[in-house]
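Dumped final.txt below, it's compact mmCIF, C-alpha atoms:
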```
# COMPACT_ATOMS: atom_id res chain seq x y z
CA MET A 1 0.00 0.00 0.00
CA ARG A 2 1.12 3.54 -0.68
CA GLN A 3 1.86 5.89 2.16
CA MET A 4 3.18 9.30 3.09
CA ARG A 5 6.49 8.04 4.39
CA ASP A 6 8.05 8.81 7.74
CA THR A 7 11.24 10.76 7.18
CA ASP A 8 14.46 11.70 8.93
CA PRO A 9 16.17 14.90 7.71
CA GLY A 10 19.50 13.68 8.96
CA ALA A 11 19.30 10.58 6.82
CA SER A 12 18.55 12.35 3.57
CA SER A 13 20.74 11.26 0.67
CA GLY A 14 20.86 11.65 -3.08
CA PRO A 15 21.45 14.67 -5.32
CA ARG A 16 22.08 17.95 -3.50
CA ASP A 17 22.68 21.54 -4.49
CA ARG A 18 25.79 23.55 -3.77
CA GLN A 19 24.58 24.47 -0.30
CA GLY A 20 24.23 20.81 0.65
CA HIS A 21 20.43 20.81 0.48
CA PRO A 22 18.47 18.02 -1.21
CA HIS A 23 18.09 18.50 -4.94
CA ARG A 24 15.52 21.05 -6.11
CA TRP A 25 13.13 18.15 -6.66
CA LEU A 26 11.88 19.22 -3.22
CA ALA A 27 10.31 22.28 -4.76
CA GLY A 28 9.28 20.68 -8.01
CA SER A 29 7.52 17.46 -8.86
CA GLY A 30 8.12 16.01 -5.42
CA ALA A 31 6.90 18.38 -2.72
CA GLY A 32 4.31 20.11 -4.86
CA SER A 33 2.70 17.25 -6.71
CA GLN A 34 3.06 14.39 -4.27
CA VAL A 35 1.32 16.23 -1.50
CA HIS A 36 -1.23 17.88 -3.75
CA GLY A 37 -2.63 14.57 -4.94
CA SER A 38 -0.72 14.13 -8.21
CA PRO A 39 1.79 11.24 -8.58
CA ALA A 40 2.78 9.86 -5.19
CA VAL A 41 6.36 8.96 -4.30
CA VAL A 42 6.00 5.47 -5.74
CA ARG A 43 5.00 6.97 -9.10
CA GLN A 44 7.77 9.55 -8.95
CA GLU A 45 10.23 6.71 -8.50
CA LYS A 46 9.01 5.17 -11.75
CA VAL A 47 9.19 8.52 -13.57
CA PHE A 48 12.84 8.95 -12.59
CA ALA A 49 13.60 5.32 -13.47
CA ARG A 50 12.28 5.83 -17.00
CA ALA A 51 14.65 8.79 -17.27
CA GLY A 52 17.57 6.55 -16.26
CA LEU A 53 17.90 7.91 -12.71
CA ALA A 54 17.70 5.32 -9.92
CA LEU A 55 16.15 7.08 -6.92
CA PRO A 56 14.48 4.77 -4.40
CA ARG A 57 11.17 5.90 -2.95
CA SER A 58 12.71 5.95 0.53
CA THR A 59 15.05 8.73 -0.61
CA LEU A 60 12.24 10.66 -2.25
CA GLY A 61 10.18 10.31 0.90
CA GLN A 62 13.09 11.60 2.97
CA TRP A 63 13.34 14.66 0.74
CA VAL A 64 9.66 15.47 1.25
CA GLY A 65 10.27 15.20 4.99
CA VAL A 66 13.23 17.58 4.77
CA CYS A 67 11.04 19.97 2.80
CA GLY A 68 8.40 19.89 5.54
CA VAL A 69 10.96 20.58 8.26
CA ARG A 70 12.52 23.53 6.43
CA LEU A 71 9.17 25.05 5.59
CA GLN A 72 7.77 24.74 9.12
CA PRO A 73 8.88 28.25 10.25
CA LEU A 74 6.92 29.69 7.34
CA VAL A 75 3.86 27.62 8.25
CA ASP A 76 4.17 28.81 11.86
CA ALA A 77 4.23 32.41 10.61
CA LEU A 78 1.14 31.75 8.50
CA ARG A 79 -0.65 30.28 11.53
CA THR A 80 0.22 33.37 13.60
CA GLU A 81 -1.15 35.60 10.86
CA LEU A 82 -4.38 33.59 10.65
CA LEU A 83 -4.94 33.90 14.38
CA GLY A 84 -4.82 37.67 13.97
CA HIS A 85 -8.21 37.54 12.21
CA ASP A 86 -11.47 37.91 14.10
CA VAL A 87 -13.33 35.30 12.04
CA LEU A 88 -11.99 31.88 11.05
CA HIS A 89 -13.34 28.75 9.40
CA ALA A 90 -12.55 25.28 10.75
CA ASP A 91 -13.22 21.79 9.44
CA GLU A 92 -11.75 18.32 9.73
CA THR A 93 -11.48 15.16 7.64
CA PRO A 94 -10.30 11.62 8.51
CA VAL A 95 -6.94 10.31 7.31
CA GLN A 96 -5.68 6.80 7.91
CA MET A 97 -2.38 6.68 9.81
CA LEU A 98 -0.07 3.71 10.28
CA ASP A 99 0.67 2.56 13.82
CA PRO A 100 4.35 1.56 13.46
CA GLY A 101 4.24 -0.77 16.45
CA LYS A 102 1.16 -2.71 15.39
CA LYS A 103 1.63 -2.44 11.61
CA ILE A 104 -2.02 -1.49 11.22
CA THR A 105 -3.72 1.80 10.41
CA HIS A 106 -6.11 3.80 12.55
CA ARG A 107 -8.10 6.96 11.95
CA ALA A 108 -6.23 10.24 12.40
CA TYR A 109 -7.59 13.65 11.45
CA LEU A 110 -6.55 16.57 9.31
CA TRP A 111 -7.89 19.90 10.58
CA ALA A 112 -8.12 22.94 8.31
CA TYR A 113 -8.25 26.59 9.39
CA CYS A 114 -8.56 29.66 7.17
CA PRO A 115 -9.92 33.23 7.07
CA THR A 116 -13.22 33.89 5.34
CA SER A 117 -13.54 34.55 1.62
CA TYR A 118 -14.29 38.20 2.48
CA GLU A 119 -10.71 38.73 3.66
CA ALA A 120 -7.95 40.04 1.42
CA VAL A 121 -5.60 37.42 2.87
CA ARG A 122 -5.85 34.14 1.00
CA GLY A 123 -4.38 31.19 2.83
CA GLY A 124 -4.93 28.38 5.27
CA VAL A 125 -3.15 26.02 7.62
CA TYR A 126 -3.60 22.26 7.86
CA ASP A 127 -3.01 20.65 11.23
CA PHE A 128 -2.48 16.88 11.33
CA ALA A 129 -3.56 15.26 14.62
CA PRO A 130 -3.75 11.65 15.88
CA SER A 131 -7.45 11.93 16.75
CA ARG A 132 -10.59 14.05 16.47
CA ALA A 133 -10.45 15.19 20.10
CA GLY A 134 -11.31 18.80 20.84
CA GLU A 135 -7.95 19.26 22.57
CA HIS A 136 -6.33 19.56 19.14
CA VAL A 137 -8.58 22.52 18.29
CA ARG A 138 -7.64 24.23 21.54
CA ALA A 139 -3.94 23.52 20.96
CA PHE A 140 -4.12 25.20 17.56
CA LEU A 141 -6.26 28.19 18.58
CA GLN A 142 -4.64 28.63 22.03
CA ASP A 143 -5.90 31.92 23.49
CA TRP A 144 -7.64 33.08 20.27
CA SER A 145 -11.14 34.35 21.10
CA GLY A 146 -12.75 35.26 17.80
CA LYS A 147 -15.71 33.87 15.87
CA LEU A 148 -15.32 30.30 14.59
CA VAL A 149 -17.40 29.08 11.65
CA CYS A 150 -17.79 25.31 11.93
CA ASP A 151 -20.21 22.40 11.90
CA ASP A 152 -21.83 21.00 15.02
CA TYR A 153 -19.08 18.53 15.89
CA SER A 154 -18.68 18.28 19.68
CA GLY A 155 -14.90 18.72 19.48
CA TYR A 156 -15.40 22.46 19.01
CA LYS A 157 -17.56 22.87 22.14
CA ALA A 158 -14.66 23.25 24.58
CA SER A 159 -13.47 26.25 22.57
CA PHE A 160 -16.89 27.87 22.85
CA GLY A 161 -16.58 27.69 26.60
CA ALA A 162 -13.19 29.40 26.46
CA GLY A 163 -14.15 32.65 24.79
CA VAL A 164 -14.67 31.55 21.17
CA THR A 165 -18.01 32.49 19.59
CA GLU A 166 -19.77 29.76 17.62
CA ILE A 167 -20.95 30.55 14.08
CA GLY A 168 -23.25 27.89 12.67
CA CYS A 169 -23.23 26.57 9.14
CA MET A 170 -26.46 27.11 7.22
CA ALA A 171 -25.29 24.67 4.53
CA HIS A 172 -25.28 21.86 7.10
CA ALA A 173 -28.80 22.79 8.21
CA ARG A 174 -29.93 22.86 4.59
CA ARG A 175 -28.35 19.47 3.91
CA LYS A 176 -30.64 17.79 6.45
CA PHE A 177 -33.70 18.92 4.50
CA TYR A 178 -32.10 18.36 1.11
CA ASP A 179 -31.42 14.69 1.88
CA LEU A 180 -35.00 14.23 3.09
CA HIS A 181 -36.46 15.83 -0.01
CA THR A 182 -34.14 13.95 -2.37
CA ASN A 183 -34.64 10.53 -0.79
CA HIS A 184 -38.26 10.74 0.40
CA LYS A 185 -39.86 13.65 -1.50
CA SER A 186 -40.76 15.30 1.80
CA GLN A 187 -43.02 18.31 1.23
CA LEU A 188 -42.04 19.86 4.56
CA ALA A 189 -38.37 19.55 3.62
CA GLU A 190 -39.15 21.22 0.30
CA GLN A 191 -40.74 24.17 2.11
CA ALA A 192 -37.69 24.51 4.36
CA LEU A 193 -35.45 24.48 1.29
CA THR A 194 -37.50 27.32 -0.23
CA PHE A 195 -36.93 29.49 2.86
CA ILE A 196 -33.20 28.71 2.95
CA GLY A 197 -32.94 29.30 -0.79
CA LEU A 198 -34.20 32.84 -0.24
CA LEU A 199 -31.43 33.41 2.31
CA TYR A 200 -28.81 32.29 -0.19
CA ASP A 201 -30.32 34.53 -2.88
CA ILE A 202 -29.82 37.47 -0.52
CA GLU A 203 -26.25 36.34 0.21
CA ARG A 204 -25.39 36.34 -3.46
CA GLU A 205 -26.55 39.94 -3.59
CA ALA A 206 -24.62 40.89 -0.43
CA ALA A 207 -21.37 38.99 -1.02
CA PRO A 208 -19.60 41.55 -3.27
CA LEU A 209 -20.51 44.49 -1.01
CA ALA A 210 -18.45 46.13 1.72
CA CYS A 211 -18.85 44.81 5.25
CA ASP A 212 -21.28 47.49 6.48
CA ASP A 213 -23.41 47.26 3.33
CA ARG A 214 -23.48 43.48 3.61
CA ARG A 215 -24.78 43.74 7.16
CA ARG A 216 -27.41 46.31 6.10
CA ILE A 217 -28.72 44.07 3.31
CA ARG A 218 -28.92 41.13 5.71
CA GLN A 219 -30.81 43.18 8.29
CA GLU A 220 -33.25 44.55 5.74
CA LYS A 221 -33.87 41.41 3.69
CA ALA A 222 -32.54 38.29 5.40
CA ARG A 223 -33.71 38.90 8.96
CA PRO A 224 -37.43 38.88 8.05
CA VAL A 225 -36.88 35.58 6.21
CA THR A 226 -35.09 33.97 9.18
CA GLU A 227 -37.84 35.10 11.52
CA ALA A 228 -40.49 33.60 9.26
CA LEU A 229 -38.45 30.41 8.92
CA HIS A 230 -38.05 30.05 12.68
CA THR A 231 -41.79 30.57 13.24
CA TRP A 232 -42.59 27.98 10.57
CA MET A 233 -40.09 25.45 11.94
CA SER A 234 -41.37 25.83 15.50
CA ALA A 235 -44.95 25.28 14.35
CA GLN A 236 -44.09 22.23 12.24
CA ARG A 237 -42.07 20.71 15.05
CA GLN A 238 -45.23 20.50 17.16
CA LYS A 239 -46.98 18.53 14.43
CA VAL A 240 -44.43 15.93 13.29
CA PRO A 241 -43.90 12.58 15.08
CA GLU A 242 -41.17 12.44 17.70
CA GLY A 243 -38.03 10.70 16.43
CA SER A 244 -38.99 11.04 12.76
CA ALA A 245 -36.45 12.14 10.17
CA ILE A 246 -38.16 15.49 9.66
CA ALA A 247 -38.24 16.05 13.43
CA LYS A 248 -34.47 15.49 13.58
CA ALA A 249 -33.90 17.89 10.69
CA LEU A 250 -36.01 20.56 12.40
CA ASP A 251 -34.28 19.99 15.74
CA TYR A 252 -30.87 20.42 14.16
CA SER A 253 -31.74 23.97 13.14
CA LEU A 254 -33.88 24.97 16.10
CA LYS A 255 -31.30 23.91 18.69
CA ARG A 256 -28.58 25.89 16.87
CA TRP A 257 -30.68 28.85 15.85
CA VAL A 258 -28.63 31.50 17.63
CA ALA A 259 -25.37 30.25 16.07
CA LEU A 260 -26.99 29.87 12.64
CA THR A 261 -28.24 33.45 12.56
CA ARG A 262 -25.26 35.30 14.06
CA TYR A 263 -24.10 36.12 10.55
CA LEU A 264 -27.00 38.60 10.27
CA ASP A 265 -25.36 40.98 12.76
CA ASP A 266 -21.81 40.96 11.38
CA GLY A 267 -20.91 41.64 7.78
CA GLU A 268 -17.56 39.87 8.24
CA VAL A 269 -19.24 36.57 9.13
CA PRO A 270 -20.25 34.16 6.32
CA ILE A 271 -23.52 32.26 6.18
CA ASP A 272 -21.85 28.84 6.02
CA ASN A 273 -18.63 26.87 6.23
CA ASN A 274 -18.35 26.03 2.53
CA TRP A 275 -15.17 28.07 2.01
CA VAL A 276 -13.03 25.86 4.25
CA GLU A 277 -14.64 22.69 2.92
CA SER A 278 -13.29 23.59 -0.50
CA GLN A 279 -9.81 24.04 1.04
CA ILE A 280 -9.88 20.59 2.60
CA ARG A 281 -11.00 18.88 -0.62
CA PRO A 282 -7.43 18.28 -1.96
CA TRP A 283 -6.83 15.91 0.95
CA ALA A 284 -9.88 13.88 0.02
CA ILE A 285 -8.54 13.66 -3.53
CA GLY A 286 -5.06 12.79 -2.27
CA ARG A 287 -6.28 9.83 -0.24
CA SER A 288 -6.76 7.87 -3.46
CA ASN A 289 -3.04 8.28 -4.17
CA TRP A 290 -1.25 7.71 -0.87
CA LEU A 291 -3.99 5.89 1.15
CA PHE A 292 -2.44 6.50 4.59
CA ALA A 293 0.18 8.48 6.50
CA GLY A 294 3.22 6.46 7.51
CA SER A 295 3.37 8.11 10.95
CA LEU A 296 2.22 11.14 12.90
CA ARG A 297 5.45 12.91 11.95
CA ALA A 298 4.95 12.16 8.26
CA GLY A 299 1.38 13.45 8.41
CA ARG A 300 2.45 16.67 10.09
CA ARG A 301 5.19 17.33 7.55
CA ALA A 302 2.84 16.67 4.66
CA ALA A 303 0.35 19.08 6.27
CA ALA A 304 3.07 21.75 6.52
CA VAL A 305 4.01 21.44 2.84
CA MET A 306 0.43 21.37 1.67
CA SER A 307 -0.50 24.41 3.78
CA LEU A 308 1.88 26.43 1.62
CA VAL A 309 1.00 24.68 -1.64
CA ARG A 310 -2.70 25.37 -1.17
CA SER A 311 -2.11 28.94 0.04
CA ALA A 312 0.07 29.58 -3.01
CA GLN A 313 -2.72 28.36 -5.28
CA LEU A 314 -5.28 30.57 -3.54
CA ASN A 315 -3.05 33.56 -4.32
CA GLY A 316 -2.73 32.62 -7.98
CA LEU A 317 0.88 31.48 -7.65
CA ASP A 318 2.65 28.58 -9.30
CA PRO A 319 3.45 26.33 -6.28
CA HIS A 320 6.62 25.08 -8.00
CA ALA A 321 8.03 28.58 -8.52
CA TYR A 322 6.97 29.65 -5.04
CA LEU A 323 8.43 26.67 -3.15
CA LYS A 324 11.64 26.75 -5.17
CA ASP A 325 12.21 30.38 -4.28
CA VAL A 326 11.32 30.24 -0.57
CA LEU A 327 13.40 27.10 0.01
CA GLN A 328 16.39 28.98 -1.36
CA ARG A 329 15.69 32.15 0.63
CA LEU A 330 14.60 30.74 3.99
CA PRO A 331 18.11 29.89 5.27
CA THR A 332 19.20 33.54 5.03
CA GLN A 333 15.86 35.24 5.70
CA ARG A 334 15.74 37.26 8.93
CA ASP A 335 13.21 36.01 11.47
CA SER A 336 11.64 39.46 11.58
CA ALA A 337 11.11 39.38 7.81
CA ILE A 338 9.87 35.82 7.37
CA GLY A 339 6.35 37.15 6.79
CA GLU A 340 7.56 38.55 3.48
CA LEU A 341 7.75 34.96 2.18
CA LEU A 342 4.13 34.11 2.97
CA PRO A 343 2.16 33.33 -0.22
CA HIS A 344 -0.05 36.43 -0.05
CA ARG A 345 3.03 38.70 0.20
CA TRP A 346 5.61 36.81 -1.85
CA ARG A 347 6.92 38.36 -5.03
CA PRO A 348 9.12 36.50 -7.50
CA PRO A 349 12.72 37.76 -7.42
CA PRO A 350 13.79 39.77 -10.49
CA ALA A 351 16.11 37.98 -12.85
CA PRO A 352 19.69 39.24 -12.44
CA LYS A 353 20.77 41.41 -15.36
CA GLN A 354 23.90 39.38 -15.88
CA ILE A 355 21.96 36.16 -16.24
CA GLN A 356 19.59 37.81 -18.68
CA THR A 357 22.51 39.11 -20.76
CA GLN A 358 24.18 35.71 -20.82
CA HIS A 359 20.93 34.09 -21.85
CA GLN A 360 20.40 36.60 -24.66
CA GLU A 361 23.96 36.21 -25.89
CA GLY A 362 23.66 32.43 -25.86
CA PHE A 363 20.38 32.61 -27.73
CA ALA A 364 21.89 34.98 -30.31
CA SER A 365 24.84 32.63 -30.82
CA ARG A 366 22.51 29.71 -31.46
CA LEU A 367 20.54 31.79 -33.92
CA GLN A 368 23.75 32.78 -35.70
CA ILE A 369 24.94 29.20 -36.04
CA ARG A 370 21.58 28.04 -37.35
CA GLY A 371 21.42 31.04 -39.67
CA LEU A 372 24.83 30.33 -41.18
CA ALA A 373 24.03 26.67 -41.58
CA LYS A 374 20.55 26.97 -43.04
CA LEU A 375 20.09 30.43 -44.45
CA GLY A 376 23.41 31.12 -46.09
CA SER A 377 23.53 34.81 -46.92
CA PHE A 378 21.11 35.86 -44.13
CA THR A 379 22.99 37.72 -41.42
CA LEU A 380 22.42 37.46 -37.68
CA ALA A 381 20.93 40.94 -37.69
CA THR A 382 18.35 39.82 -40.24
CA LEU A 383 17.41 36.83 -38.12
CA VAL A 384 17.03 38.89 -34.96
CA HIS A 385 15.06 41.57 -36.81
```

Kindly return the structure encoded in the file as structure tokens.
Amino acid sequence: MRQMRDTDPGASSGPRDRQGHPHRWLAGSGAGSQVHGSPAVVRQEKVFARAGLALPRSTLGQWVGVCGVRLQPLVDALRTELLGHDVLHADETPVQMLDPGKKITHRAYLWAYCPTSYEAVRGGVYDFAPSRAGEHVRAFLQDWSGKLVCDDYSGYKASFGAGVTEIGCMAHARRKFYDLHTNHKSQLAEQALTFIGLLYDIEREAAPLACDDRRRIRQEKARPVTEALHTWMSAQRQKVPEGSAIAKALDYSLKRWVALTRYLDDGEVPIDNNWVESQIRPWAIGRSNWLFAGSLRAGRRAAAVMSLVRSAQLNGLDPHAYLKDVLQRLPTQRDSAIGELLPHRWRPPPAPKQIQTQHQEGFASRLQIRGLAKLGSFTLATLVH
């Protein structure tokens, strides 16, 4: 079975650059594609073999581990920046992890945190943990006391008792009724979906607006709809059989009503948690390639690399170009300036003039040779012109 391999930076071997670092494969097809769900290490091994380069998968796995270690300070800086926002999304997804002692896998979890889509900062941090326990949320958030958009999983509850404000996810509430309507053609579920559909119509109108205008639109248009929806739900709940599927769907919303409607009073708060769910999707895709993490350490290093890969993508960057540059610059970057290398601030370095001149001269020479060989009387100036 394929796995994200456990790695030891001190044991890394194979091609290295002049500074003694693993070959720039770290920033190319290896770190970027293996973690992002493209060819896994086992496939990369075959790619190199076809090119006549014998690189065992253990070495490639070690290089990915080295990459994770060297990028960790940048991930830590990204986490610090995220915790400076008042509103965050959170979500989690299961990942199988190998228990080295028992040679079997058990369920670990990958947690994702990111600012809302309303923020100018595009980025997120993945946190790999051995379980789904709420202690991992607290360890990541620490003394952060903002507004957390999440589903109703109990692991978040401890944070709500420690100063974090719960923001419910309307998409999860909608899903309860959607499943009922799709599977059983429930007319009550269809009515609930009509109400919630109106709320999303208003959100589409409000989304591109400034924060204060978004809040105004919600107060003027969405609040009357939520009040009508709550009245309707409360009335229907008295009529439906206890323990029925529609009763459970109604209870889900009614018991979380305050959290579900907090978005009405704050233009910075989204209506649902869909933004972070789209950020966690690459891990779901990746599971079909690597199947399980080789250890807790391997999972954490993969999470570090992918935090930057995904953040680079959200900022419209080429992950290969970004990782290649920051891996070269990190060793000499001042701690106080490490934030300059975060994906939403990074700028590609300008090409040195000398290198450009050498490249142009080399290109001109090649043109001249080809011109003399193929075009006879045509001069180099003619070719360039």

For Phe177 (chain A), which residue among A:Ala304, A:Ile280, A:Ala192, A:Leu148 is the nearest when counting all atoms listed in the file?
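Looking at the shortest contact to Phe177 (chain A), the residue is A:Ala192.
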
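Applying the 12 Å criterion to (-2.6, 24.6, 19.0) in file coordinates and using all atoms listed in the file, one obtains the residues Asp76, Arg79, Thr80, Leu83, Trp111, Tyr113, Val125, Tyr126, Asp127, Phe128, Ala129, Gly134, Glu135, His136, Val137, Arg138, Ala139, Phe140, Leu141, Gln142, Asp143, Trp144 and Ser159 of chain A.
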
Residues of the last selection are to be written out with C-alpha atoms, as a short mmCIF file (atom, residue, chain, number, x, y, z; two decimals), keeping the file's coordinate frame.
```
data_model
loop_
_atom_site.label_atom_id
_atom_site.label_comp_id
_atom_site.auth_asym_id
_atom_site.auth_seq_id
_atom_site.Cartn_x
_atom_site.Cartn_y
_atom_site.Cartn_z
CA ASP A 76 4.17 28.81 11.86
CA ARG A 79 -0.65 30.28 11.53
CA THR A 80 0.22 33.37 13.60
CA LEU A 83 -4.94 33.90 14.38
CA TRP A 111 -7.89 19.90 10.58
CA TYR A 113 -8.25 26.59 9.39
CA VAL A 125 -3.15 26.02 7.62
CA TYR A 126 -3.60 22.26 7.86
CA ASP A 127 -3.01 20.65 11.23
CA PHE A 128 -2.48 16.88 11.33
CA ALA A 129 -3.56 15.26 14.62
CA GLY A 134 -11.31 18.80 20.84
CA GLU A 135 -7.95 19.26 22.57
CA HIS A 136 -6.33 19.56 19.14
CA VAL A 137 -8.58 22.52 18.29
CA ARG A 138 -7.64 24.23 21.54
CA ALA A 139 -3.94 23.52 20.96
CA PHE A 140 -4.12 25.20 17.56
CA LEU A 141 -6.26 28.19 18.58
CA GLN A 142 -4.64 28.63 22.03
CA ASP A 143 -5.90 31.92 23.49
CA TRP A 144 -7.64 33.08 20.27
CA SER A 159 -13.47 26.25 22.57
#
```

Could you give me, as a JSON list (two decimals) with C-alpha atoms, keeping the file's coordinate frame, the residues within 7 Å of Leu193 (chain A), counting only C-alpha atoms and dropping anything in the same chain fewer than 2 positions from it?
```json
[["chain", "number", "residue", "atom", "x", "y", "z"],
["A", 174, "ARG", "CA", -29.93, 22.86, 4.59],
["A", 177, "PHE", "CA", -33.70, 18.92, 4.50],
["A", 178, "TYR", "CA", -32.10, 18.36, 1.11],
["A", 189, "ALA", "CA", -38.37, 19.55, 3.62],
["A", 190, "GLU", "CA", -39.15, 21.22, 0.30],
["A", 191, "GLN", "CA", -40.74, 24.17, 2.11],
["A", 195, "PHE", "CA", -36.93, 29.49, 2.86],
["A", 196, "ILE", "CA", -33.20, 28.71, 2.95],
["A", 197, "GLY", "CA", -32.94, 29.30, -0.79]]
```

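Minimum atom-to-atom distances from A:Cys150, A:Leu180, A:Ala173, A:Val66 to Ser253 (chain A) were compared using only C-alpha atoms, and the lowest value belongs to A:Ala173.
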
Spatial neighbours of Asp201 (chain A), 12 Å, only C-alpha atoms, chain gap at least 4 places, as a list in words:
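Contacts, with the query itself left out: Thr194, Phe195, Ile196, Gly197, Glu205, Ala206, Ala207, Ile217, Arg218, Lys221, Ala222, Val225 and Ile271 of chain A.
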
Between CA of Gly168 (chain A) and CA of Ser244 (chain A), distance in Å (one decimal):
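Rounded to one decimal, the two atoms are 23.1 Å apart.
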
Please indicate the distance in Å from CA of Met97 (chain A) to CA of Phe292 (chain A), rounded to one decimal place.
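Interatomic distance, CA of Met97 (chain A) to CA of Phe292 (chain A): 5.2 Å.
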
Rounded to one decimal, what separation in Å do you get between CA of Gly65 (chain A) and CA of Val309 (chain A)?
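Calculated distance between CA of Gly65 (chain A) and CA of Val309 (chain A) is 14.8 Å.
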
Given all atoms listed in the file as the counted atoms, nearest of A:Cys114, A:Ala249, A:Val305, A:Val121 to His172 (chain A)
A:Ala249

Give me the residues near Ala108 (chain A) as a PyMOL selection string, where near means some atom within 9 Å (using only C-alpha atoms) and where sequence neighbours in that chain fewer than 4 positions away do not count.
chain A and resi 93-97+128-132+293+296

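Considering all atoms listed in the file, the residue among A:Ala235, A:Ala210, A:Val240, A:Cys67 positioned nearest to Leu330 (chain A) is A:Cys67.
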